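**Student:** Compact mmCIF, C-alpha atoms, saved as coords.txt, coming up:
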```txt
# COMPACT_ATOMS: atom_id res chain seq x y z
CA VAL Z 455 1.64 36.07 -5.62
CA LEU Z 456 4.97 35.25 -4.02
CA HIS Z 457 4.01 31.61 -3.84
CA THR Z 458 2.57 31.39 -7.33
CA SER Z 459 5.71 32.77 -8.93
CA ARG Z 460 8.00 30.45 -6.99
CA PRO Z 461 8.00 27.72 -9.67
CA LEU Z 462 9.25 30.30 -12.15
CA HIS Z 463 12.57 30.52 -10.34
CA THR Z 464 14.88 28.14 -12.12
CA THR Z 465 18.03 28.71 -10.05
CA GLN Z 466 18.68 29.15 -6.36
CA GLN Z 467 17.96 32.64 -5.27
CA CYS Z 468 20.87 32.85 -2.88
CA LEU Z 469 24.15 31.02 -3.12
CA ALA Z 470 25.08 31.48 0.55
CA PRO Z 471 24.21 28.64 2.92
CA LEU Z 472 20.77 29.30 4.41
CA PRO Z 473 20.16 28.95 8.13
CA PRO Z 474 18.19 25.84 9.06
CA LEU Z 475 14.42 26.33 9.36
CA PRO Z 476 12.95 25.87 12.85
CA GLU Z 477 11.17 22.59 13.47
CA LYS Z 478 8.13 23.94 15.28
CA GLY Z 479 6.26 27.22 14.98
CA GLY Z 480 6.35 29.89 17.59
CA GLU Z 481 4.53 29.49 20.89
CA VAL Z 482 1.03 31.00 20.81
CA ARG Z 483 -1.32 31.81 23.63
CA TYR Z 484 -5.07 31.39 23.02
CA GLY Z 485 -4.27 30.30 19.47
CA LEU Z 486 -3.86 33.86 18.28
CA ILE Z 487 -1.39 35.97 20.23
CA PRO Z 488 2.30 35.06 20.15
CA GLU Z 489 4.01 34.39 23.44
CA GLU Z 490 6.60 37.05 22.61
CA PHE Z 491 3.94 39.73 23.03
CA PHE Z 492 3.37 38.71 26.63
CA GLN Z 493 7.11 38.59 27.26
CA PHE Z 494 7.44 42.00 25.64
CA LEU Z 495 4.96 43.60 28.02
CA TYR Z 496 6.06 41.64 31.08
CA PRO Z 497 8.86 44.01 32.33
CA LYS Z 498 6.58 47.03 32.30
CA THR Z 499 3.15 45.69 33.17
CA GLY Z 500 3.70 42.25 34.72
CA VAL Z 501 1.54 39.22 34.08
CA THR Z 502 -1.84 40.93 33.79
CA GLY Z 503 -0.60 43.65 31.42
CA PRO Z 504 -1.65 42.19 28.08
CA TYR Z 505 -5.02 41.12 29.46
CA MET Z 506 -5.72 44.63 30.69
CA LEU Z 507 -4.72 45.97 27.31
CA GLY Z 508 -7.08 43.57 25.57
CA THR Z 509 -9.99 44.28 27.86
CA GLY Z 510 -9.39 48.01 27.64
CA LEU Z 511 -9.30 47.97 23.85
CA LEU Z 512 -12.45 45.87 23.66
CA LEU Z 513 -14.38 48.11 26.02
CA TYR Z 514 -13.12 51.19 24.19
CA PHE Z 515 -14.39 49.85 20.87
CA LEU Z 516 -17.70 48.89 22.40
CA SER Z 517 -18.33 52.07 24.33
CA LYS Z 518 -17.37 54.41 21.53
CA GLU Z 519 -19.44 52.32 19.12
CA ILE Z 520 -16.45 51.89 16.87
CA TYR Z 521 -17.54 48.28 16.89
CA VAL Z 522 -21.35 48.07 16.79
CA ILE Z 523 -23.06 45.03 18.23
CA ASN Z 524 -25.36 43.77 15.52
CA HIS Z 525 -26.57 40.43 14.26
CA GLU Z 526 -23.10 39.57 12.99
CA THR Z 527 -21.84 39.53 16.57
CA VAL Z 528 -24.19 36.72 17.42
CA ALA Z 529 -23.24 34.87 14.24
CA ALA Z 530 -19.58 35.45 15.10
CA ALA Z 531 -20.08 34.03 18.57
CA CYS Z 532 -21.70 30.93 17.12
CA ILE Z 533 -19.12 30.23 14.43
CA LEU Z 534 -16.26 30.90 16.82
CA SER Z 535 -17.67 28.52 19.40
CA VAL Z 536 -18.09 25.85 16.72
CA ILE Z 537 -14.52 26.37 15.52
CA ILE Z 538 -13.06 26.32 19.04
CA TYR Z 539 -15.05 23.20 19.91
CA GLY Z 540 -13.83 21.49 16.77
CA VAL Z 541 -10.22 22.43 17.37
CA LYS Z 542 -10.28 21.38 21.01
CA LYS Z 543 -11.94 18.07 20.30
CA TYR Z 544 -10.19 16.96 17.12
CA GLY Z 545 -7.00 18.99 17.24
CA SER Z 546 -4.79 16.40 18.86
CA ASP Z 547 -6.16 13.65 16.61
CA VAL Z 548 -5.40 15.63 13.49
CA ALA Z 549 -1.91 16.44 14.78
CA ALA Z 550 -1.32 12.78 15.56
CA PHE Z 551 -2.51 11.87 12.07
CA ALA Z 552 -0.11 14.36 10.48
CA ASP Z 553 2.71 13.02 12.64
CA LYS Z 554 1.77 9.48 11.65
CA LEU Z 555 1.98 10.40 7.96
CA ASN Z 556 5.47 11.74 8.49
CA GLU Z 557 6.44 8.74 10.60
CA GLU Z 558 5.28 6.36 7.87
CA LYS Z 559 7.35 8.24 5.33
CA VAL Z 560 10.46 7.99 7.49
CA ALA Z 561 9.71 4.40 8.42
CA LYS Z 562 9.48 3.35 4.78
CA VAL Z 563 12.92 4.66 4.05
CA LEU Z 564 14.33 3.31 7.30
CA ALA Z 565 12.92 -0.08 6.39
CA VAL Z 566 14.87 0.01 3.13
CA LYS Z 567 18.02 0.89 5.01
CA ASN Z 568 17.48 -1.80 7.64
CA GLU Z 569 16.78 -4.41 5.02
CA ALA Z 570 19.98 -3.54 3.24
CA ILE Z 571 21.88 -3.81 6.52
CA LYS Z 572 20.25 -7.16 7.28
CA ASP Z 573 21.07 -8.51 3.84
CA LEU Z 574 24.69 -7.48 4.23
CA GLU Z 575 24.86 -9.08 7.68
CA THR Z 576 23.50 -12.39 6.38
CA ALA Z 577 26.02 -12.17 3.55
CA ILE Z 578 28.81 -11.69 6.11
CA GLU Z 579 27.64 -14.68 8.13
CA GLN Z 580 27.48 -16.86 5.07
CA GLU Z 581 30.96 -15.75 4.08
CA LYS Z 582 32.28 -16.68 7.52
CA LYS Z 583 30.62 -20.07 7.21
CA GLU Z 584 32.28 -20.61 3.87
CA GLN Z 585 35.63 -19.74 5.39
CA TRP Z 586 35.08 -22.28 8.17
CA ARG Z 587 34.17 -24.83 5.56
CA VAL Z 588 37.42 -24.19 3.74
CA GLU Z 589 39.36 -25.06 6.92
CA GLY Z 590 37.72 -28.46 7.08
CA ARG Z 591 38.38 -29.16 3.46
CA ASN Z 592 41.48 -31.30 4.19
CA TYR Z 593 39.54 -33.77 6.30
CA LEU Z 594 36.97 -34.01 3.60
CA PHE Z 595 39.54 -34.78 0.97
CA ASP Z 596 41.29 -37.39 3.20
CA ALA Z 597 38.05 -39.14 3.86
CA LYS Z 598 37.22 -39.15 0.18
CA ARG Z 599 40.66 -40.43 -0.67
CA ASN Z 600 40.35 -43.26 1.86
CA ASN Z 601 36.99 -44.10 0.51
CA ILE Z 602 38.27 -44.41 -3.01
CA ALA Z 603 41.27 -46.47 -1.92
CA MET Z 604 38.99 -48.87 -0.10
CA LEU Z 605 36.80 -49.20 -3.14
CA LEU Z 606 39.79 -49.96 -5.33
CA GLU Z 607 41.12 -52.49 -2.84
CA THR Z 608 37.76 -54.20 -2.65
CA ASN Z 609 37.52 -54.32 -6.38
CA TYR Z 610 41.00 -55.75 -6.69
CA ARG Z 611 40.28 -58.45 -4.15
CA GLU Z 612 37.08 -59.38 -5.82
CA ARG Z 613 38.84 -59.79 -9.11
CA LEU Z 614 41.58 -61.81 -7.46
CA LEU Z 615 38.98 -64.16 -6.06
CA THR Z 616 37.42 -64.51 -9.45
CA VAL Z 617 40.75 -65.38 -10.99
CA TYR Z 618 41.45 -67.96 -8.29
CA ASN Z 619 38.08 -69.54 -8.81
CA GLU Z 620 38.52 -69.74 -12.53
CA VAL Z 621 41.96 -71.30 -12.26
CA LYS Z 622 40.71 -73.78 -9.71
CA LYS Z 623 37.88 -74.75 -12.00
CA ARG Z 624 40.26 -75.49 -14.80
CA LEU Z 625 42.63 -77.47 -12.61
CA ASP Z 626 39.72 -79.41 -11.14
CA TYR Z 627 38.68 -80.27 -14.64
CA GLN Z 628 42.08 -81.63 -15.46
CA VAL Z 629 42.17 -83.62 -12.22
CA ALA Z 630 38.74 -85.00 -12.90
CA MET Z 631 39.77 -85.96 -16.38
CA GLN Z 632 42.83 -87.80 -15.07
CA ASN Z 633 40.78 -89.60 -12.42
CA LEU Z 634 38.24 -90.59 -14.95
CA LYS Z 635 40.90 -91.92 -17.26
CA HIS Z 636 42.52 -93.86 -14.42
CA GLN Z 637 39.23 -95.30 -13.35
CA LYS Z 638 38.29 -96.27 -16.83
CA GLU Z 639 41.62 -98.02 -17.28
CA GLN Z 640 41.17 -99.86 -14.02
CA ASP Z 641 37.68 -100.87 -14.82
CA HIS Z 642 38.66 -101.98 -18.20
CA MET Z 643 41.53 -103.99 -16.85
CA ILE Z 644 39.40 -105.63 -14.15
CA HIS Z 645 36.78 -106.43 -16.68
CA TRP Z 646 39.35 -107.91 -19.01
CA VAL Z 647 40.91 -109.94 -16.21
CA GLU Z 648 37.56 -111.20 -15.11
CA LYS Z 649 36.61 -112.09 -18.62
CA ASN Z 650 39.78 -113.93 -19.15
CA VAL Z 651 39.46 -115.72 -15.84
CA VAL Z 652 35.95 -116.71 -16.56
CA GLN Z 653 37.04 -117.88 -19.99
CA SER Z 654 39.94 -119.81 -18.53
CA ILE Z 655 37.78 -121.73 -16.16
CA THR Z 656 37.46 -125.10 -18.00
CA PRO Z 657 34.45 -127.23 -17.35
CA GLN Z 658 36.55 -129.78 -15.49
CA GLN Z 659 37.90 -127.21 -13.16
CA GLN Z 660 34.39 -126.05 -12.64
CA LYS Z 661 33.24 -129.45 -11.59
CA GLU Z 662 36.17 -129.89 -9.25
CA SER Z 663 35.61 -126.62 -7.62
CA ILE Z 664 31.90 -127.27 -7.13
CA ALA Z 665 32.67 -130.71 -5.54
CA LYS Z 666 35.17 -129.05 -3.28
CA CYS Z 667 32.66 -126.42 -2.27
CA ILE Z 668 30.14 -129.11 -1.44
CA LEU Z 669 32.66 -130.97 0.73
CA ASP Z 670 33.53 -127.71 2.47
CA LEU Z 671 29.93 -126.98 3.07
CA LYS Z 672 29.33 -130.38 4.54
CA ALA Z 673 32.31 -129.99 6.83
CA LEU Z 674 31.04 -126.58 7.86
CA SER Z 675 27.58 -127.80 8.46
CA LYS Z 676 28.95 -130.57 10.59
CA SER Z 677 30.95 -128.18 12.67
CA ALA Z 678 27.95 -125.91 12.85
CA ARG Z 679 25.64 -128.70 14.02
CA ALA Z 680 28.22 -129.60 16.51
CA ALA Z 681 28.42 -126.05 17.75
CA VAL Z 682 24.66 -125.85 18.15
CA MET R 903 -22.59 50.74 10.96
CA ASN R 904 -26.01 49.37 10.40
CA LEU R 905 -25.96 46.33 8.26
CA SER R 906 -28.92 45.39 6.21
CA PHE R 907 -29.38 41.79 5.30
CA PHE R 908 -27.90 42.04 1.88
CA ASP R 909 -24.79 44.05 2.62
CA GLN R 910 -22.83 40.86 2.94
CA PHE R 911 -23.63 39.96 -0.64
CA ALA R 912 -22.48 43.26 -2.04
CA SER R 913 -19.24 42.96 -3.96
CA PRO R 914 -16.65 44.66 -1.76
CA CYS R 915 -15.32 47.98 -2.85
CA PHE R 916 -12.80 50.16 -1.06
CA LEU R 917 -12.37 53.75 -2.11
CA GLY R 918 -13.83 52.82 -5.45
CA ILE R 919 -11.41 49.93 -6.03
CA PRO R 920 -13.26 46.66 -6.49
CA LEU R 921 -11.79 44.09 -4.15
CA ILE R 922 -13.46 41.06 -5.69
CA LEU R 923 -10.22 39.73 -7.15
CA LEU R 924 -8.50 40.09 -3.80
CA SER R 925 -11.29 38.26 -2.04
CA MET R 926 -11.11 35.42 -4.55
CA LEU R 927 -7.33 35.11 -4.32
CA PHE R 928 -7.06 35.51 -0.57
CA PRO R 929 -7.52 31.80 0.31
CA ALA R 930 -4.42 30.97 -1.70
CA LEU R 931 -2.38 32.88 0.86
CA LEU R 932 -3.51 30.50 3.57
CA PHE R 933 -1.79 27.50 2.06
CA PRO R 934 1.96 27.18 2.69
CA ALA R 935 4.03 26.79 -0.42
CA PRO R 936 5.24 23.33 -1.38
CA ASN R 937 8.23 22.81 0.80
CA SER R 938 11.65 21.84 -0.36
CA ARG R 939 12.04 19.77 2.80
CA TRP R 940 11.30 16.07 2.77
CA ILE R 941 9.70 15.90 6.20
CA THR R 942 7.52 19.00 6.48
CA ASN R 943 5.62 20.51 9.37
CA ARG R 944 2.12 19.32 10.18
CA LEU R 945 0.27 21.87 8.11
CA SER R 946 2.22 21.13 4.94
CA THR R 947 1.90 17.38 5.50
CA LEU R 948 -1.86 17.64 5.95
CA GLN R 949 -2.24 19.92 2.96
CA LEU R 950 -0.22 17.57 0.79
CA TRP R 951 -2.15 14.57 2.03
CA SER R 952 -5.51 16.24 1.36
CA LEU R 953 -4.46 17.30 -2.14
CA HIS R 954 -3.28 13.78 -2.93
CA SER R 955 -6.47 12.32 -1.52
CA ILE R 956 -8.71 14.65 -3.51
CA THR R 957 -6.82 14.10 -6.75
CA LYS R 958 -6.82 10.36 -6.29
CA HIS R 959 -10.56 10.18 -5.67
CA LEU R 960 -11.33 12.47 -8.58
CA MET R 961 -9.07 10.73 -11.05
CA THR R 962 -9.80 7.09 -10.23
CA PRO R 963 -12.94 6.79 -12.38
CA LEU R 964 -11.42 8.68 -15.29
CA ASN R 965 -9.36 7.18 -18.06
CA LYS R 966 -5.90 8.41 -18.99
CA LYS R 967 -7.14 11.26 -21.14
CA GLY R 968 -9.21 12.58 -18.26
CA HIS R 969 -6.12 12.94 -16.13
CA LYS R 970 -5.35 16.14 -17.99
CA TRP R 971 -8.15 17.66 -15.93
CA ALA R 972 -6.50 16.80 -12.60
CA LEU R 973 -5.01 20.23 -11.96
CA ILE R 974 -8.07 22.28 -12.78
CA LEU R 975 -10.49 20.05 -10.89
CA THR R 976 -8.34 19.86 -7.77
CA SER R 977 -7.66 23.58 -7.69
CA LEU R 978 -11.36 24.25 -8.27
CA MET R 979 -12.15 21.99 -5.32
CA MET R 980 -9.68 23.79 -3.08
CA LEU R 981 -10.97 27.20 -4.16
CA LEU R 982 -14.58 26.32 -3.48
CA LEU R 983 -13.79 24.65 -0.16
CA THR R 984 -11.79 27.58 1.16
CA THR R 985 -14.07 30.33 -0.08
CA ASN R 986 -17.12 28.57 1.29
CA LEU R 987 -15.58 27.87 4.67
CA LEU R 988 -14.02 31.31 5.04
CA GLY R 989 -17.37 32.89 4.19
CA LEU R 990 -18.82 31.54 7.40
CA LEU R 991 -16.67 33.91 9.45
CA PRO R 992 -18.38 37.15 10.42
CA TYR R 993 -18.08 40.20 8.20
CA THR R 994 -16.55 38.18 5.38
CA PHE R 995 -17.58 38.32 1.80
CA THR R 996 -18.13 34.98 0.10
CA PRO R 997 -17.41 35.20 -3.62
CA THR R 998 -19.38 32.04 -4.31
CA THR R 999 -22.61 33.75 -3.32
CA GLN R 1000 -22.37 35.75 -6.52
CA LEU R 1001 -24.18 34.05 -9.36
CA SER R 1002 -21.82 35.69 -11.82
CA MET R 1003 -18.81 33.95 -10.35
CA ASN R 1004 -20.46 30.54 -10.13
CA MET R 1005 -21.76 30.73 -13.68
CA ALA R 1006 -18.30 31.85 -14.78
CA LEU R 1007 -16.91 28.68 -13.18
CA ALA R 1008 -19.66 26.27 -14.24
CA PHE R 1009 -20.45 27.30 -17.80
CA PRO R 1010 -16.96 27.12 -19.38
CA LEU R 1011 -16.05 23.88 -17.63
CA TRP R 1012 -19.32 22.22 -18.60
CA LEU R 1013 -18.98 23.49 -22.15
CA ALA R 1014 -15.43 22.12 -22.24
CA THR R 1015 -16.65 18.65 -21.29
CA LEU R 1016 -19.45 18.84 -23.85
CA LEU R 1017 -17.19 19.99 -26.68
CA THR R 1018 -14.53 17.39 -25.81
CA GLY R 1019 -17.19 14.72 -26.06
CA LEU R 1020 -18.64 16.03 -29.30
CA ARG R 1021 -15.25 16.44 -30.87
CA ASN R 1022 -13.62 13.16 -29.97
CA GLN R 1023 -16.53 10.75 -29.86
CA PRO R 1024 -19.62 12.48 -31.31
CA SER R 1025 -21.82 9.42 -31.67
CA ILE R 1026 -21.18 8.23 -28.13
CA SER R 1027 -21.80 11.72 -26.74
CA LEU R 1028 -25.05 12.02 -28.63
CA GLY R 1029 -25.85 8.45 -27.62
CA HIS R 1030 -25.93 9.57 -24.00
CA LEU R 1031 -29.09 11.45 -24.86
CA LEU R 1032 -31.04 8.18 -24.99
CA PRO R 1033 -30.93 5.87 -21.99
CA GLU R 1034 -30.78 2.17 -22.69
CA GLY R 1035 -33.90 0.09 -22.84
CA THR R 1036 -36.44 2.81 -23.53
CA PRO R 1037 -39.60 1.71 -25.31
CA THR R 1038 -39.65 2.86 -28.95
CA PRO R 1039 -42.66 5.22 -28.83
CA LEU R 1040 -41.05 7.22 -26.05
CA ILE R 1041 -37.81 7.90 -27.93
CA PRO R 1042 -38.57 11.37 -29.42
CA ALA R 1043 -39.92 12.71 -26.14
CA LEU R 1044 -37.03 11.27 -24.21
CA ILE R 1045 -34.47 12.82 -26.52
CA MET R 1046 -36.07 16.23 -26.01
CA ILE R 1047 -36.03 15.72 -22.27
CA GLU R 1048 -32.44 14.56 -22.21
CA THR R 1049 -31.32 17.49 -24.38
CA THR R 1050 -33.03 19.90 -22.05
CA SER R 1051 -31.40 18.24 -19.08
CA LEU R 1052 -28.03 18.44 -20.82
CA LEU R 1053 -28.39 22.12 -21.67
CA ILE R 1054 -29.59 23.04 -18.22
CA ARG R 1055 -26.55 21.50 -16.51
CA PRO R 1056 -24.37 24.64 -16.30
CA LEU R 1057 -27.30 26.64 -15.00
CA ALA R 1058 -27.99 23.96 -12.43
CA LEU R 1059 -24.36 23.81 -11.33
CA GLY R 1060 -24.05 27.54 -10.89
CA VAL R 1061 -27.41 28.16 -9.33
CA ARG R 1062 -27.08 25.19 -6.96
CA LEU R 1063 -23.91 26.56 -5.45
CA THR R 1064 -25.18 30.15 -5.34
CA ALA R 1065 -28.54 29.26 -3.88
CA ASN R 1066 -27.15 26.97 -1.20
CA LEU R 1067 -24.62 29.42 0.06
CA THR R 1068 -26.79 32.50 -0.23
CA ALA R 1069 -29.66 30.79 1.52
CA GLY R 1070 -27.41 29.56 4.31
CA HIS R 1071 -25.84 32.95 4.89
CA LEU R 1072 -29.18 34.68 4.79
CA LEU R 1073 -30.64 32.23 7.31
CA ILE R 1074 -27.73 32.84 9.65
CA GLN R 1075 -28.27 36.57 9.31
CA LEU R 1076 -32.00 36.36 9.96
CA ILE R 1077 -31.72 34.11 12.98
CA SER R 1078 -28.92 36.24 14.44
CA THR R 1079 -31.10 39.32 13.99
CA ALA R 1080 -33.94 37.52 15.75
CA ILE R 1081 -31.62 36.65 18.64
CA THR R 1082 -30.34 40.21 18.89
CA THR R 1083 -33.82 41.71 18.92
CA LEU R 1084 -35.25 39.13 21.31
CA LEU R 1085 -32.41 39.35 23.81
CA PRO R 1086 -33.75 42.32 25.82
CA ILE R 1087 -37.39 41.22 25.41
CA MET R 1088 -37.53 37.46 25.93
CA PRO R 1089 -34.05 36.19 26.90
CA THR R 1090 -35.14 32.53 27.16
CA VAL R 1091 -36.51 32.46 23.64
CA SER R 1092 -33.35 34.19 22.57
CA ILE R 1093 -31.21 31.48 24.12
CA LEU R 1094 -33.30 28.77 22.45
CA THR R 1095 -32.91 30.50 19.10
CA MET R 1096 -29.19 30.65 19.79
CA SER R 1097 -29.11 26.88 20.04
CA ILE R 1098 -30.88 26.70 16.67
CA LEU R 1099 -28.25 29.03 15.31
CA LEU R 1100 -25.50 26.76 16.62
CA LEU R 1101 -27.03 23.79 14.83
CA LEU R 1102 -27.48 25.89 11.72
CA THR R 1103 -23.83 26.92 11.84
CA ILE R 1104 -22.74 23.30 11.97
CA LEU R 1105 -25.06 22.60 9.03
CA GLU R 1106 -23.59 25.50 7.12
CA VAL R 1107 -20.07 24.21 7.66
CA ALA R 1108 -21.16 20.85 6.30
CA VAL R 1109 -23.02 22.47 3.41
CA ALA R 1110 -20.00 24.55 2.50
CA MET R 1111 -17.86 21.47 2.14
CA ILE R 1112 -20.52 19.34 0.50
CA GLN R 1113 -21.43 21.94 -2.10
CA ALA R 1114 -17.83 22.30 -3.15
CA TYR R 1115 -17.52 18.54 -3.41
CA VAL R 1116 -20.77 18.19 -5.35
CA PHE R 1117 -19.78 20.85 -7.85
CA VAL R 1118 -16.50 19.19 -8.65
CA LEU R 1119 -17.95 15.72 -8.58
CA LEU R 1120 -20.65 16.56 -11.09
CA LEU R 1121 -18.11 18.12 -13.38
CA SER R 1122 -15.99 14.99 -13.18
CA LEU R 1123 -19.08 12.91 -13.94
CA TYR R 1124 -19.83 14.99 -17.02
CA LEU R 1125 -16.22 14.48 -17.97
CA GLN R 1126 -16.44 10.71 -17.55
CA GLU R 1127 -19.33 10.57 -19.98
CA ASN R 1128 -17.63 12.63 -22.60
CA ILE R 1129 -13.91 11.95 -22.52
```
Take the structure I supplied and represent it as structure tokens, if you would.

**Tutor:**
Amino acid sequence: VLHTSRPLHTTQQCLAPLPPLPEKGGEVRYGLIPEEFFQFLYPKTGVTGPYMLGTGLLLYFLSKEIYVINHETVAAACILSVIIYGVKKYGSDVAAFADKLNEEKVAKVLAVKNEAIKDLETAIEQEKKEQWRVEGRNYLFDAKRNNIAMLLETNYRERLLTVYNEVKKRLDYQVAMQNLKHQKEQDHMIHWVEKNVVQSITPQQQKESIAKCILDLKALSKSARAAV
Amino acid sequence: MNLSFFDQFASPCFLGIPLILLSMLFPALLFPAPNSRWITNRLSTLQLWSLHSITKHLMTPLNKKGHKWALILTSLMMLLLTTNLLGLLPYTFTPTTQLSMNMALAFPLWLATLLTGLRNQPSISLGHLLPEGTPTPLIPALIMIETTSLLIRPLALGVRLTANLTAGHLLIQLISTAITTLLPIMPTVSILTMSILLLLTILEVAVAMIQAYVFVLLLSLYLQENI
């Protein structure tokens, strides 16, 4: 009844701080009799005291037929042996299972805590890395600046070359034009001179020159024959 | 005191005060109260784990409306388990051997499932009376049979539990009497019978747990059909 009415309590029953509950139950001997009983009887009766008391009580009940041995005794012996066998065999396993349940509960929460700690540690490391990166920022900017300057320089030089080439092309054109004009004038003049000379050669002059050539040739051939 | 075989089934009375209520409520004292601590001792942890396990297995096949039955089915399971197991101890009275108590548990719960079904989904509930795929000429006979089977369910539930436990306890009593009488006459036979009794005790422990489970399981099955 005490336990069933507990949910009806809506406030604490006692405002004073309660003492902490013990972690384990009291020590028990033979699963039934608390250890304190043995300690209680120890000063007066020594170690065998409680056992003598138990045996005496049992024999008293049996001899006076306060407890009658009937069929229930046999049934009691059987069920008690089954219970004791079960407890001895599976007791530690069940206790380990209960402990494992509690361990899992604690481990789940610990895992949350550890994960939070790990996340914060990785955050700290990343922050430190960022700070290191900030220190090297100057070098980065210098390199970038140099890069850009080189690009500009290259661009400027390329354009300069283009300009030079263009100007040279135009000047070459002018030079070529002048040369062509010169050559054409020369050619024209030579042609005109030749034409005039050819025109000026009269037929008489032609005959004279041909006769002269023949005489020269004869003289030459003579000297050539002589040489051979 | 000389016990007859049926003294264990007599409803306990002390000085004229019926103790039946006390014997039914006693197992509740064995369970520690839900603890305000987060990490509890082993007993509380195991009790909590077993309650969670039972509730989970009972409620998995049910839909959301059936989850209203979680408390009553789980507490019924715990009551039956503890009363059955405690009844195996000597000189204890097992309330579940009384037909009156088992019928008082079975009949209202079964009727509740039936009325829930008839109220919320009457055609489906009545449709359960005819299994699928029956040949047409058999339909009238089958409906009669299914109605009988439906109406006999509470009786079956109550009587199953009563009969199993009463028979088990009676067998233990008889064999123990045989052992006690044979012990001075033929000790060897007595020892052999004792081994039978040991096996029977283990069976009775199993039966105690199984019967509790079967009772609650069948009720949850009836609920699944009707909710």

**Student:** For chain R against chain Z, which residues fall within 8 Å using all atoms listed in the file, given as a list of chain:residue names?

**Tutor:**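 Close enough to count are R:Met903, R:Asn904, R:Leu905, R:Ala935, R:Ile941, R:Thr942, R:Asn943, R:Arg944, R:Leu945, R:Thr947, R:Leu948, R:Leu990, R:Leu991, R:Pro992, R:Tyr993, R:Ile1074, R:Gln1075, R:Ser1078, R:Thr1079, R:Ile1081, R:Thr1082, R:Met1096, R:Leu1099, R:Leu1100, R:Thr1103, R:Ile1104.
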
**Student:** What is the atom CA of Z:Tyr627 to atom CA of Z:Arg613 distance in Å?

**Tutor:**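 Computing the Euclidean distance for atom CA of Z:Tyr627 and atom CA of Z:Arg613 yields 21.2 Å.
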
**Student:** Leaving out stretch 1000-1016 of chain R and any residue of its chain fewer than 5 positions from it, which residues lie within 8 Å of it when counting only C-alpha atoms, given as a list in words?

**Tutor:**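 Close residues of stretch 1000-1016 of chain R: Phe911, Arg1055, Pro1056, Leu1057, Leu1059, Gly1060, Val1061, Leu1063, Thr1064, Leu1121, Tyr1124, Leu1125, Asn1128 and Ile1129 of chain R.
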
**Student:** What's around R:Leu982 at 8 Å? Count all atoms listed in the file, leave out sequence neighbours fewer than 4 positions away in its own chain, and write the answer as a list of chain:residue names.

**Tutor:**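 Near neighbours after the sequence-gap exclusion: R:Leu978, R:Asn986, R:Thr998, R:Ala1114.
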
**Student:** Applying 8 Å and only C-alpha atoms, which residues near R:Thr985 remain after dropping the ones on its own chain fewer than 6 positions away? List them as a list in words.

**Tutor:** Met926, Pro929, Thr996, Pro997 and Thr998 of chain R

**Student:** Just the number, please: distance in Å from atom CA of Z:Glu581 to atom CA of Z:Glu569, one decimal.

**Tutor:** 18.2 Å

**Student:** Could you please determine the separation between atom CA of R:Leu988 and atom CA of Z:Ile538 in Å, to one decimal place?

**Tutor:**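 Answer for the atom CA of R:Leu988 to atom CA of Z:Ile538 separation: 14.9 Å.
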
**Student:** Please, which residues are within 8 Å of (-34.1, 8.1, -20.2) by the file's coordinates, counting all atoms listed in the file, and could they come as a PyMOL selection string?

**Tutor:** chain R and resi 1031-1034+1036+1044-1045+1048

**Student:** List the residues sitting within 12 Å of (-29.6, 29.7, 3.6) in the file's frame, using all atoms listed in the file, as a ChimeraX atom specification.

**Tutor:** /R:990,999,1062-1077,1099,1102-1103,1105-1107,1109-1110

**Student:** Would you output that residue set with C-alpha atoms, as a PDB file, in the coordinates of the input?

**Tutor:**
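selection-v3.pdb, written as the output of this step:
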```pdb
ATOM      1  CA  LEU R 990     -18.820  31.540   7.400  1.00  0.00           C
ATOM      2  CA  THR R 999     -22.610  33.750  -3.320  1.00  0.00           C
ATOM      3  CA  ARG R1062     -27.080  25.190  -6.960  1.00  0.00           C
ATOM      4  CA  LEU R1063     -23.910  26.560  -5.450  1.00  0.00           C
ATOM      5  CA  THR R1064     -25.180  30.150  -5.340  1.00  0.00           C
ATOM      6  CA  ALA R1065     -28.540  29.260  -3.880  1.00  0.00           C
ATOM      7  CA  ASN R1066     -27.150  26.970  -1.200  1.00  0.00           C
ATOM      8  CA  LEU R1067     -24.620  29.420   0.060  1.00  0.00           C
ATOM      9  CA  THR R1068     -26.790  32.500  -0.230  1.00  0.00           C
ATOM     10  CA  ALA R1069     -29.660  30.790   1.520  1.00  0.00           C
ATOM     11  CA  GLY R1070     -27.410  29.560   4.310  1.00  0.00           C
ATOM     12  CA  HIS R1071     -25.840  32.950   4.890  1.00  0.00           C
ATOM     13  CA  LEU R1072     -29.180  34.680   4.790  1.00  0.00           C
ATOM     14  CA  LEU R1073     -30.640  32.230   7.310  1.00  0.00           C
ATOM     15  CA  ILE R1074     -27.730  32.840   9.650  1.00  0.00           C
ATOM     16  CA  GLN R1075     -28.270  36.570   9.310  1.00  0.00           C
ATOM     17  CA  LEU R1076     -32.000  36.360   9.960  1.00  0.00           C
ATOM     18  CA  ILE R1077     -31.720  34.110  12.980  1.00  0.00           C
ATOM     19  CA  LEU R1099     -28.250  29.030  15.310  1.00  0.00           C
ATOM     20  CA  LEU R1102     -27.480  25.890  11.720  1.00  0.00           C
ATOM     21  CA  THR R1103     -23.830  26.920  11.840  1.00  0.00           C
ATOM     22  CA  LEU R1105     -25.060  22.600   9.030  1.00  0.00           C
ATOM     23  CA  GLU R1106     -23.590  25.500   7.120  1.00  0.00           C
ATOM     24  CA  VAL R1107     -20.070  24.210   7.660  1.00  0.00           C
ATOM     25  CA  VAL R1109     -23.020  22.470   3.410  1.00  0.00           C
ATOM     26  CA  ALA R1110     -20.000  24.550   2.500  1.00  0.00           C
TER      27      ALA R1110
END
```
